[in-house]
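**Student:** File query-v5.cif below, mmCIF, C-alpha atoms:
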```cif
data_start
loop_
_atom_site.label_atom_id
_atom_site.label_comp_id
_atom_site.auth_asym_id
_atom_site.auth_seq_id
_atom_site.Cartn_x
_atom_site.Cartn_y
_atom_site.Cartn_z
CA MET A 122 27.54 26.01 -10.05
CA LYS A 123 27.52 23.64 -7.08
CA ILE A 124 24.45 21.58 -6.17
CA ILE A 125 23.99 19.32 -3.12
CA ILE A 126 21.56 16.45 -3.82
CA ASP A 127 19.84 13.88 -1.62
CA ASN A 128 21.45 10.61 -2.71
CA LYS A 129 18.10 8.80 -2.91
CA ILE A 130 16.75 11.02 -5.69
CA PRO A 131 16.67 8.73 -8.74
CA PHE A 132 17.39 9.13 -12.45
CA ILE A 133 19.30 12.37 -11.89
CA LYS A 134 23.01 11.67 -12.29
CA GLU A 135 23.32 11.86 -16.07
CA ALA A 136 21.01 14.85 -16.38
CA ILE A 137 22.62 16.93 -13.61
CA GLN A 138 26.01 16.73 -15.32
CA ARG A 139 24.55 18.91 -18.08
CA ILE A 140 23.54 21.55 -15.53
CA ALA A 141 26.05 21.80 -12.66
CA ASP A 142 29.83 22.10 -12.48
CA GLU A 143 30.04 20.35 -9.11
CA VAL A 144 27.59 17.90 -7.57
CA VAL A 145 27.67 16.36 -4.09
CA TYR A 146 25.36 13.47 -3.14
CA VAL A 147 24.56 12.85 0.55
CA PRO A 148 21.82 11.12 2.56
CA GLY A 149 18.95 13.49 3.30
CA LYS A 150 19.58 13.43 7.04
CA ASP A 151 23.24 14.36 6.57
CA PHE A 152 22.83 17.85 5.13
CA THR A 153 24.83 20.17 7.43
CA PRO A 154 25.55 23.92 7.51
CA GLU A 155 29.20 23.17 6.63
CA LEU A 156 28.17 21.07 3.65
CA VAL A 157 25.75 23.59 2.12
CA ARG A 158 27.76 26.74 2.90
CA ASP A 159 29.21 27.11 -0.61
CA ALA A 160 26.35 25.48 -2.53
CA ASP A 161 24.23 27.42 -5.00
CA ALA A 162 21.27 25.05 -4.89
CA LEU A 163 19.89 22.05 -3.01
CA ILE A 164 17.72 19.21 -4.26
CA VAL A 165 16.11 17.52 -1.26
CA ARG A 166 13.34 15.25 -0.04
CA THR A 167 11.28 15.42 3.15
CA ARG A 168 14.12 14.16 5.37
CA THR A 169 16.10 17.42 4.98
CA HIS A 170 14.85 20.31 7.12
CA CYS A 171 15.67 23.48 5.22
CA ASN A 172 15.62 26.11 7.96
CA ARG A 173 17.77 28.81 9.54
CA ASN A 174 19.96 26.22 11.27
CA LEU A 175 20.92 24.68 7.94
CA LEU A 176 20.96 27.69 5.64
CA GLU A 177 22.14 30.73 7.59
CA GLY A 178 25.45 32.04 6.26
CA SER A 179 25.31 29.88 3.12
CA ARG A 180 25.22 31.08 -0.47
CA VAL A 181 22.23 28.85 -1.29
CA LYS A 182 19.90 30.71 -3.62
CA PHE A 183 17.48 27.96 -4.61
CA ILE A 184 15.96 24.81 -3.06
CA ALA A 185 14.05 22.21 -5.05
CA THR A 186 12.25 19.52 -3.08
CA ALA A 187 11.40 16.50 -5.22
CA THR A 188 8.20 16.00 -3.23
CA ILE A 189 4.64 17.28 -3.17
CA GLY A 190 4.84 18.28 0.50
CA PHE A 191 7.04 21.15 1.62
CA ASP A 192 6.48 21.33 5.39
CA HIS A 193 10.20 20.48 5.78
CA ILE A 194 11.05 23.87 4.24
CA ASP A 195 10.89 26.93 6.51
CA THR A 196 9.27 29.12 3.89
CA GLU A 197 9.26 32.21 6.11
CA TYR A 198 12.99 31.98 6.75
CA CYS A 199 13.66 31.40 3.03
CA LYS A 200 11.64 34.50 2.22
CA GLN A 201 13.65 36.59 4.71
CA ALA A 202 16.94 35.19 3.39
CA GLY A 203 16.04 35.68 -0.26
CA ILE A 204 16.13 31.97 -1.00
CA GLU A 205 13.70 30.77 -3.66
CA TRP A 206 12.20 27.30 -3.39
CA THR A 207 9.95 24.98 -5.33
CA ASN A 208 8.15 21.70 -4.73
CA ALA A 209 6.77 19.18 -7.23
CA PRO A 210 2.97 19.38 -6.98
CA GLY A 211 1.18 16.43 -8.51
CA CYS A 212 4.41 14.58 -9.34
CA ASN A 213 3.35 11.34 -7.68
CA SER A 214 -0.43 11.75 -7.62
CA ALA A 215 -0.96 8.81 -10.00
CA SER A 216 1.32 6.68 -7.83
CA VAL A 217 -0.71 7.39 -4.68
CA ALA A 218 -3.91 6.68 -6.60
CA GLN A 219 -2.38 3.35 -7.67
CA TYR A 220 -1.61 2.54 -4.02
CA ILE A 221 -5.19 3.31 -2.96
CA GLN A 222 -6.61 1.37 -5.91
CA SER A 223 -4.62 -1.76 -5.09
CA SER A 224 -5.21 -1.43 -1.34
CA LEU A 225 -8.97 -1.24 -1.85
CA LEU A 226 -8.91 -4.38 -4.00
CA VAL A 227 -6.89 -6.29 -1.39
CA TRP A 228 -9.22 -5.10 1.38
CA LYS A 229 -12.35 -5.96 -0.64
CA SER A 230 -11.12 -9.48 -1.24
CA CYS A 231 -10.00 -10.14 2.35
CA ARG A 232 -13.15 -8.66 3.92
CA ASN A 233 -15.56 -10.02 1.31
CA LYS A 234 -16.96 -6.59 0.40
CA LYS A 235 -18.45 -5.13 -2.77
CA LEU A 236 -16.91 -1.73 -3.45
CA ASN A 237 -19.82 -0.60 -5.60
CA GLU A 238 -22.07 -0.79 -2.54
CA LEU A 239 -19.85 1.48 -0.41
CA THR A 240 -19.36 5.21 0.12
CA ILE A 241 -15.88 6.72 0.27
CA GLY A 242 -15.01 10.08 1.79
CA ILE A 243 -11.99 11.87 0.32
CA ILE A 244 -10.55 14.57 2.58
CA GLY A 245 -8.37 16.83 0.45
CA VAL A 246 -9.20 17.00 -3.24
CA GLY A 247 -6.09 18.37 -4.92
CA ASN A 248 -3.91 16.54 -7.44
CA VAL A 249 -3.97 13.30 -5.45
CA GLY A 250 -7.50 13.38 -4.08
CA SER A 251 -8.94 14.08 -7.52
CA LYS A 252 -7.26 10.98 -8.96
CA VAL A 253 -8.40 8.88 -5.99
CA ALA A 254 -11.96 10.09 -6.65
CA LYS A 255 -11.70 8.78 -10.22
CA VAL A 256 -10.41 5.43 -8.97
CA ALA A 257 -13.36 5.19 -6.56
CA ARG A 258 -15.91 6.15 -9.22
CA ASP A 259 -14.41 3.57 -11.59
CA PHE A 260 -15.12 0.99 -8.88
CA GLY A 261 -18.73 2.21 -8.80
CA MET A 262 -18.42 3.75 -5.34
CA ARG A 263 -20.41 6.71 -4.07
CA VAL A 264 -17.89 9.52 -3.49
CA LEU A 265 -18.07 12.39 -0.98
CA LEU A 266 -15.47 15.15 -1.24
CA ASN A 267 -14.19 17.42 1.54
CA ASP A 268 -11.81 20.30 0.83
CA LEU A 269 -12.27 23.53 2.79
CA PRO A 270 -9.99 25.76 0.66
CA ARG A 271 -11.68 24.60 -2.55
CA GLU A 272 -15.14 24.87 -1.02
CA GLU A 273 -14.48 28.50 -0.11
CA LYS A 274 -13.45 29.27 -3.71
CA GLU A 275 -15.92 27.08 -5.59
CA GLY A 276 -18.99 26.96 -3.33
CA THR A 277 -20.56 24.17 -1.32
CA GLU A 278 -22.28 22.25 -4.12
CA LEU A 279 -19.46 19.78 -4.83
CA PHE A 280 -18.35 19.27 -1.24
CA ALA A 281 -19.47 17.54 1.95
CA SER A 282 -18.79 18.51 5.55
CA LEU A 283 -16.62 16.38 7.82
CA ASN A 284 -19.79 15.59 9.78
CA LYS A 285 -21.49 14.21 6.68
CA ILE A 286 -18.43 12.12 5.85
CA ALA A 287 -18.29 10.84 9.45
CA GLU A 288 -21.94 9.82 9.25
CA GLU A 289 -22.15 8.29 5.76
CA CYS A 290 -18.76 6.87 4.72
CA ASP A 291 -17.56 3.27 4.80
CA ILE A 292 -14.02 4.33 3.82
CA ILE A 293 -12.31 7.64 4.64
CA THR A 294 -9.01 8.58 3.00
CA PHE A 295 -6.81 11.60 3.75
CA HIS A 296 -4.99 13.60 1.06
CA VAL A 297 -4.32 16.95 2.73
CA PRO A 298 -1.08 18.90 3.21
CA LEU A 299 0.16 19.28 6.78
CA TYR A 300 -0.69 22.67 8.26
CA LYS A 301 0.11 22.90 11.96
CA GLU A 302 -1.66 26.22 12.52
CA GLY A 303 -4.07 28.60 10.85
CA LYS A 304 -7.42 28.55 9.14
CA TYR A 305 -6.87 25.24 7.37
CA LYS A 306 -5.04 23.46 10.18
CA THR A 307 -4.72 19.74 9.42
CA PHE A 308 -2.49 18.67 12.32
CA HIS A 309 -4.47 15.96 14.17
CA LEU A 310 -7.45 16.64 11.93
CA ALA A 311 -8.49 13.09 12.80
CA ASP A 312 -8.48 13.32 16.59
CA GLU A 313 -10.54 11.65 19.29
CA ASN A 314 -13.55 13.88 18.57
CA PHE A 315 -13.40 12.95 14.90
CA PHE A 316 -13.30 9.23 15.63
CA GLN A 317 -16.13 9.54 18.15
CA SER A 318 -18.27 11.14 15.43
CA LEU A 319 -17.98 8.14 13.06
CA LYS A 320 -21.17 6.18 12.49
CA ARG A 321 -20.31 3.31 10.11
CA LYS A 322 -17.10 1.75 11.44
CA PRO A 323 -15.16 2.88 8.36
CA VAL A 324 -11.76 1.95 7.03
CA ILE A 325 -9.27 4.79 7.61
CA ILE A 326 -6.58 5.37 4.96
CA ASN A 327 -3.72 7.85 5.38
CA THR A 328 -1.20 8.55 2.63
CA SER A 329 -0.80 12.30 3.31
CA ARG A 330 1.22 13.08 6.45
CA GLY A 331 1.42 11.04 9.64
CA GLU A 332 0.59 14.02 11.84
CA VAL A 333 -2.80 14.48 10.16
CA ILE A 334 -4.05 11.62 12.37
CA ASP A 335 -3.59 11.45 16.14
CA THR A 336 -1.95 8.03 16.56
CA ASP A 337 -3.28 7.44 20.08
CA ALA A 338 -6.82 8.30 18.99
CA LEU A 339 -6.49 6.00 15.97
CA LEU A 340 -5.32 3.09 18.12
CA LYS A 341 -8.18 3.69 20.53
CA ALA A 342 -10.64 3.70 17.62
CA LEU A 343 -9.22 0.41 16.32
CA ASP A 344 -9.33 -1.21 19.76
CA SER A 345 -12.91 -0.11 20.41
CA ARG A 346 -14.01 -1.06 16.86
CA ILE A 347 -15.11 2.50 16.08
CA ILE A 348 -13.23 1.85 12.84
CA SER A 349 -12.94 -1.52 11.15
CA ASP A 350 -9.48 -1.28 9.58
CA ALA A 351 -6.56 1.09 9.01
CA ILE A 352 -4.38 1.37 5.91
CA ILE A 353 -1.40 3.51 6.90
CA ASP A 354 1.50 4.67 4.74
CA VAL A 355 2.55 7.76 6.73
CA TRP A 356 3.29 7.89 10.44
CA GLU A 357 3.85 10.31 13.26
CA HIS A 358 7.52 10.50 14.29
CA GLU A 359 8.90 8.73 11.21
CA PRO A 360 11.08 6.71 11.11
CA GLU A 361 10.39 5.87 14.77
CA ILE A 362 6.91 4.61 14.03
CA ASN A 363 4.36 3.22 16.45
CA ARG A 364 4.89 -0.55 16.42
CA GLU A 365 1.45 -1.29 17.91
CA LEU A 366 -0.26 0.64 15.11
CA LEU A 367 1.87 -1.16 12.52
CA GLU A 368 0.90 -4.52 13.99
CA LYS A 369 -2.82 -3.66 13.99
CA ALA A 370 -2.93 -1.96 10.57
CA PHE A 371 -4.56 -3.94 7.78
CA ILE A 372 -1.81 -2.58 5.53
CA GLY A 373 1.18 -0.66 6.91
CA THR A 374 3.88 0.65 4.58
CA PRO A 375 7.01 2.84 4.93
CA HIS A 376 5.81 6.10 3.34
CA ILE A 377 6.03 4.73 -0.21
CA ALA A 378 2.53 5.29 -1.64
CA GLY A 379 3.95 7.90 -4.00
CA TYR A 380 7.11 5.94 -4.77
CA SER A 381 6.38 4.57 -8.22
CA ALA A 382 9.30 5.06 -10.58
CA ASP A 383 6.97 7.17 -12.72
CA GLY A 384 6.26 9.54 -9.83
CA LYS A 385 9.95 9.75 -8.92
CA ALA A 386 10.91 10.53 -12.50
CA ASN A 387 8.27 13.29 -12.60
CA ALA A 388 9.63 14.82 -9.38
CA THR A 389 13.23 14.70 -10.58
CA ARG A 390 12.27 16.28 -13.91
CA MET A 391 10.26 19.05 -12.19
CA SER A 392 13.15 19.83 -9.82
CA LEU A 393 15.69 20.09 -12.64
CA ASP A 394 13.34 22.15 -14.80
CA ALA A 395 12.88 24.58 -11.89
CA ILE A 396 16.64 24.90 -11.33
CA CYS A 397 17.26 25.55 -15.03
CA LYS A 398 14.54 28.19 -15.08
CA PHE A 399 15.82 29.93 -11.94
CA PHE A 400 19.47 30.01 -13.03
CA GLN A 401 18.54 30.63 -16.69
CA ILE A 402 20.31 27.50 -17.91
CA GLU A 403 19.54 25.82 -21.20
CA ALA A 404 20.18 22.10 -20.89
CA ASP A 405 19.11 19.09 -22.91
CA TYR A 406 18.31 16.12 -20.67
CA LYS A 407 15.84 13.28 -20.41
CA ILE A 408 14.46 11.69 -17.28
CA ASN A 409 12.98 8.25 -17.94
CA ALA A 410 11.98 5.49 -15.55
CA PRO A 411 13.38 2.02 -16.36
CA ALA A 412 11.06 -0.45 -18.05
CA PRO A 413 9.53 -3.16 -15.85
CA ALA A 414 11.21 -6.57 -15.93
CA SER A 415 8.09 -8.12 -17.48
CA PRO A 416 6.20 -5.43 -19.39
CA ILE A 417 3.63 -7.86 -20.86
CA ILE A 418 1.17 -9.41 -18.41
CA HIS A 419 -1.52 -12.02 -19.06
CA VAL A 420 -4.59 -11.85 -16.83
CA LYS A 421 -8.29 -12.79 -16.73
CA ASN A 422 -9.58 -9.34 -15.77
CA HIS A 423 -8.50 -5.77 -14.97
CA GLU A 424 -8.58 -6.21 -11.19
CA GLU A 425 -6.12 -9.08 -11.51
CA ALA A 426 -3.92 -6.84 -13.68
CA ILE A 427 -3.96 -4.04 -11.10
CA LEU A 428 -2.70 -6.35 -8.35
CA GLN A 429 -0.17 -8.07 -10.58
CA ILE A 430 1.30 -4.65 -11.41
CA TYR A 431 1.35 -3.56 -7.75
CA ASN A 432 0.27 -5.34 -4.57
CA PRO A 433 0.87 -3.32 -1.37
CA VAL A 434 0.74 -6.43 0.81
CA GLU A 435 4.35 -7.16 -0.18
CA ASP A 436 5.48 -3.74 1.10
CA SER A 437 3.39 -4.18 4.24
CA THR A 438 4.81 -7.62 4.97
CA ARG A 439 8.38 -6.34 4.63
CA LEU A 440 7.76 -3.49 7.08
CA LYS A 441 5.86 -5.64 9.59
CA ASN A 442 8.73 -8.13 9.56
CA GLN A 443 11.41 -5.44 9.93
CA PRO A 444 9.94 -2.22 11.38
CA GLU A 445 13.40 -1.04 12.42
CA GLN A 446 14.31 -0.97 8.71
CA PHE A 447 11.74 1.76 7.90
CA GLU A 448 14.28 4.15 6.36
CA THR A 449 16.10 1.42 4.44
CA LEU A 450 12.87 -0.02 3.04
CA ARG A 451 11.88 3.47 1.96
CA GLY A 452 15.27 4.58 0.66
CA ASP A 453 16.02 1.38 -1.25
CA TYR A 454 12.51 0.89 -2.58
CA PRO A 455 12.34 -1.56 -5.51
CA LEU A 456 11.30 -0.51 -8.99
CA ARG A 457 7.54 -0.06 -9.24
CA ARG A 458 5.86 1.10 -12.44
CA GLU A 459 2.36 2.36 -13.09
CA GLU A 460 -0.14 0.71 -15.40
CA THR A 461 0.86 2.76 -18.45
CA ALA A 462 4.23 0.94 -18.49
CA TYR A 463 2.56 -2.42 -19.22
CA LEU A 464 0.84 -4.17 -22.07
CA ILE A 465 -2.10 -6.06 -20.55
CA LYS A 466 -3.39 -9.11 -22.40
CA TYR A 467 -6.69 -10.67 -21.35
#
```
Please go through the file and, once you have read it, give me the structure as structure tokens.

**Tutor:**
Amino acid sequence: MKIIIDNKIPFIKEAIQRIADEVVYVPGKDFTPELVRDADALIVRTRTHCNRNLLEGSRVKFIATATIGFDHIDTEYCKQAGIEWTNAPGCNSASVAQYIQSSLLVWKSCRNKKLNELTIGIIGVGNVGSKVAKVARDFGMRVLLNDLPREEKEGTELFASLNKIAEECDIITFHVPLYKEGKYKTFHLADENFFQSLKRKPVIINTSRGEVIDTDALLKALDSRIISDAIIDVWEHEPEINRELLEKAFIGTPHIAGYSADGKANATRMSLDAICKFFQIEADYKINAPAPASPIIHVKNHEEAILQIYNPVEDSTRLKNQPEQFETLRGDYPLRREETAYLIKY
């Protein structure tokens, strides 16, 4: 069996040798029809567009994307061509929650705010949004949830409308998939009308997809002080990001909110498990993230521990200093572990 793999997918090389006869590693943007023609399976990230142009005439039977999102996969074409695919739902949800947790602490300190006096609106309450809600409640925040698909299934009791969130929230964070059309369209969900409806000059956080927010409308809202701050990890037109928005963002990072080593290991494991299941392969492999350099940390309190484990300002500073290095900063992201990898001593 031959598998083509994005060369930035970590912790995979030893394990894949137990599964495939031939493995080719290439950058995600360099997948070509010629390259994949005689491949049985692909393991990709968001940078590889799996569509008719790439796949037609190939013998690819299975695609695993080591990501939560799958808008880079033309699912309709795959269905027509008889190509199965899988994503990795929830793989990096704890990593994104860690990013939000640390970002809120940095913002609170810089802006002299008390989180337990604020209301947060969470738009999209799946694997990620649910964990962000727990983070917010642990901070003592009032939490409003918005999720149209869930509301339709579960009723209105747990959920708030976008209008209510626009009126009552001091922080609004987006955790929705990107749907460009249809009933649950999220493309430019935050547009000029949305920003005009805001009442409390909230902080806007986006770690979902760049296209969920209209960049021009966001810049206008920042300039006119309709919103107080923006924390942006995902951007329209990546990697050619809007430099003005980067400059004005309180925190601006290169699409790495979900890039903890723990989340990456989960995604790699889920991709390999799916390939083994599809091709009916029995293989014994382990996917483990490396231990942090200093697994024991000494701190005065838990908030200090959170920021010692991960502080997004470092990622933001790197990107603001070298915006042209967006892809490199993302692709060569340093080891970042979640709290469970540490022993915290107070």

**Student:** Compute the distance from (1.0, 3.4, -1.6) to each atom, counting all atoms listed in the file, keep the residues with any atom at most 6 Å away, and return them as JSON, numbers by chain; use the coordinates of the file.

**Tutor:** {"A": [217, 220, 377, 378, 379]}

**Student:** Choose the residue, out of A:Glu368, A:Asp161, A:Glu289, A:Glu238, that has the smallest atom-to-atom separation from Thr438 (chain A); count only C-alpha atoms.

**Tutor:**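 Nearest to Thr438 (chain A): A:Glu368.
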
**Student:** From the list A:Ala311, A:Ile408, A:Leu266, A:Leu440, which residue is nearest Phe132 (chain A) when using only C-alpha atoms?

**Tutor:**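 Nearest candidate to Phe132 (chain A) out of A:Ala311, A:Ile408, A:Leu266, A:Leu440: A:Ile408.
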
**Student:** Given the file above and the PyMOL selection byres ((chain A and resi 267) around 12), which residues are selected, and can you give them as a ChimeraX atom specification?

**Tutor:** /A:241-247,250-251,254,264-266,268-273,276-287,290,293-297

**Student:** Please determine the residues with any atom at most 8 Å from (-8.6, 4.5, 9.9) (coordinates as given in the file, with all atoms listed in the file counting) and report them as a list in words.

**Tutor:**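 Selection result: Ile293, Pro323, Val324, Ile325, Ile326, Asn327, Leu339, Leu343, Ile348, Ser349, Asp350, Ala351, Ile352 and Ile353 of chain A.
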
**Student:** Quick one: of A:Lys182, A:Arg457, A:Lys274, A:Arg232, who's nearest to Ala382 (chain A), counting all atoms listed in the file?

**Tutor:**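 Between A:Lys182, A:Arg457, A:Lys274, A:Arg232, the residue approaching Ala382 (chain A) most closely is A:Arg457.
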
**Student:** Evaluate the PyMOL selection byres ((chain A and resi 298) around 9) here and jot the selected residues down as a list in words.

**Tutor:** Ile189, Gly190, Phe191, Asp192, Gly245, His296, Val297, Leu299, Tyr300, Thr307, Ser329, Arg330 and Val333 of chain A

**Student:** For CA of Ser230 (chain A) and CA of Leu428 (chain A), quote the distance in Å rounded to one decimal.

**Tutor:**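 Those two atoms sit 11.5 Å apart.
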
**Student:** Please evaluate the PyMOL selection byres ((chain A and resi 155) around 10) against the structure above and give the resulting residues as a short mmCIF file (atom, residue, chain, number, x, y, z; two decimals) with C-alpha atoms, in the coordinates of the input.

**Tutor:**
```cif
data_model
loop_
_atom_site.label_atom_id
_atom_site.label_comp_id
_atom_site.auth_asym_id
_atom_site.auth_seq_id
_atom_site.Cartn_x
_atom_site.Cartn_y
_atom_site.Cartn_z
CA PHE A 152 22.83 17.85 5.13
CA THR A 153 24.83 20.17 7.43
CA PRO A 154 25.55 23.92 7.51
CA LEU A 156 28.17 21.07 3.65
CA VAL A 157 25.75 23.59 2.12
CA ARG A 158 27.76 26.74 2.90
CA ASP A 159 29.21 27.11 -0.61
CA ALA A 160 26.35 25.48 -2.53
CA LEU A 175 20.92 24.68 7.94
CA LEU A 176 20.96 27.69 5.64
CA GLY A 178 25.45 32.04 6.26
CA SER A 179 25.31 29.88 3.12
#
```

**Student:** Rank nothing, just name the residue among A:Leu310, A:Ala395, A:Leu450, A:Ala412 nearest to Thr336 (chain A), using only C-alpha atoms.

**Tutor:**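 Checking each of A:Leu310, A:Ala395, A:Leu450, A:Ala412 against Thr336 (chain A), counting only C-alpha atoms, the winner is A:Leu310.
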
**Student:** Using all atoms listed in the file, which residues sit within 12 Å of Asp259 (chain A) once same-chain residues fewer than 5 positions away are excluded, as a compact mmCIF listing (two decimals) with C-alpha atoms, in the frame of the given file?

**Tutor:**
```txt
# COMPACT_ATOMS: atom_id res chain seq x y z
CA GLN A 222 -6.61 1.37 -5.91
CA LEU A 236 -16.91 -1.73 -3.45
CA ASN A 237 -19.82 -0.60 -5.60
CA LYS A 252 -7.26 10.98 -8.96
CA VAL A 253 -8.40 8.88 -5.99
CA ALA A 254 -11.96 10.09 -6.65
CA VAL A 264 -17.89 9.52 -3.49
CA HIS A 423 -8.50 -5.77 -14.97
CA GLU A 424 -8.58 -6.21 -11.19
```

**Student:** Which value, in Å to one decimal, gives the distance between CA of Asn174 (chain A) and CA of Ile124 (chain A)?

**Tutor:**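 Spanning CA of Asn174 (chain A) to CA of Ile124 (chain A) is a straight-line distance of 18.6 Å.
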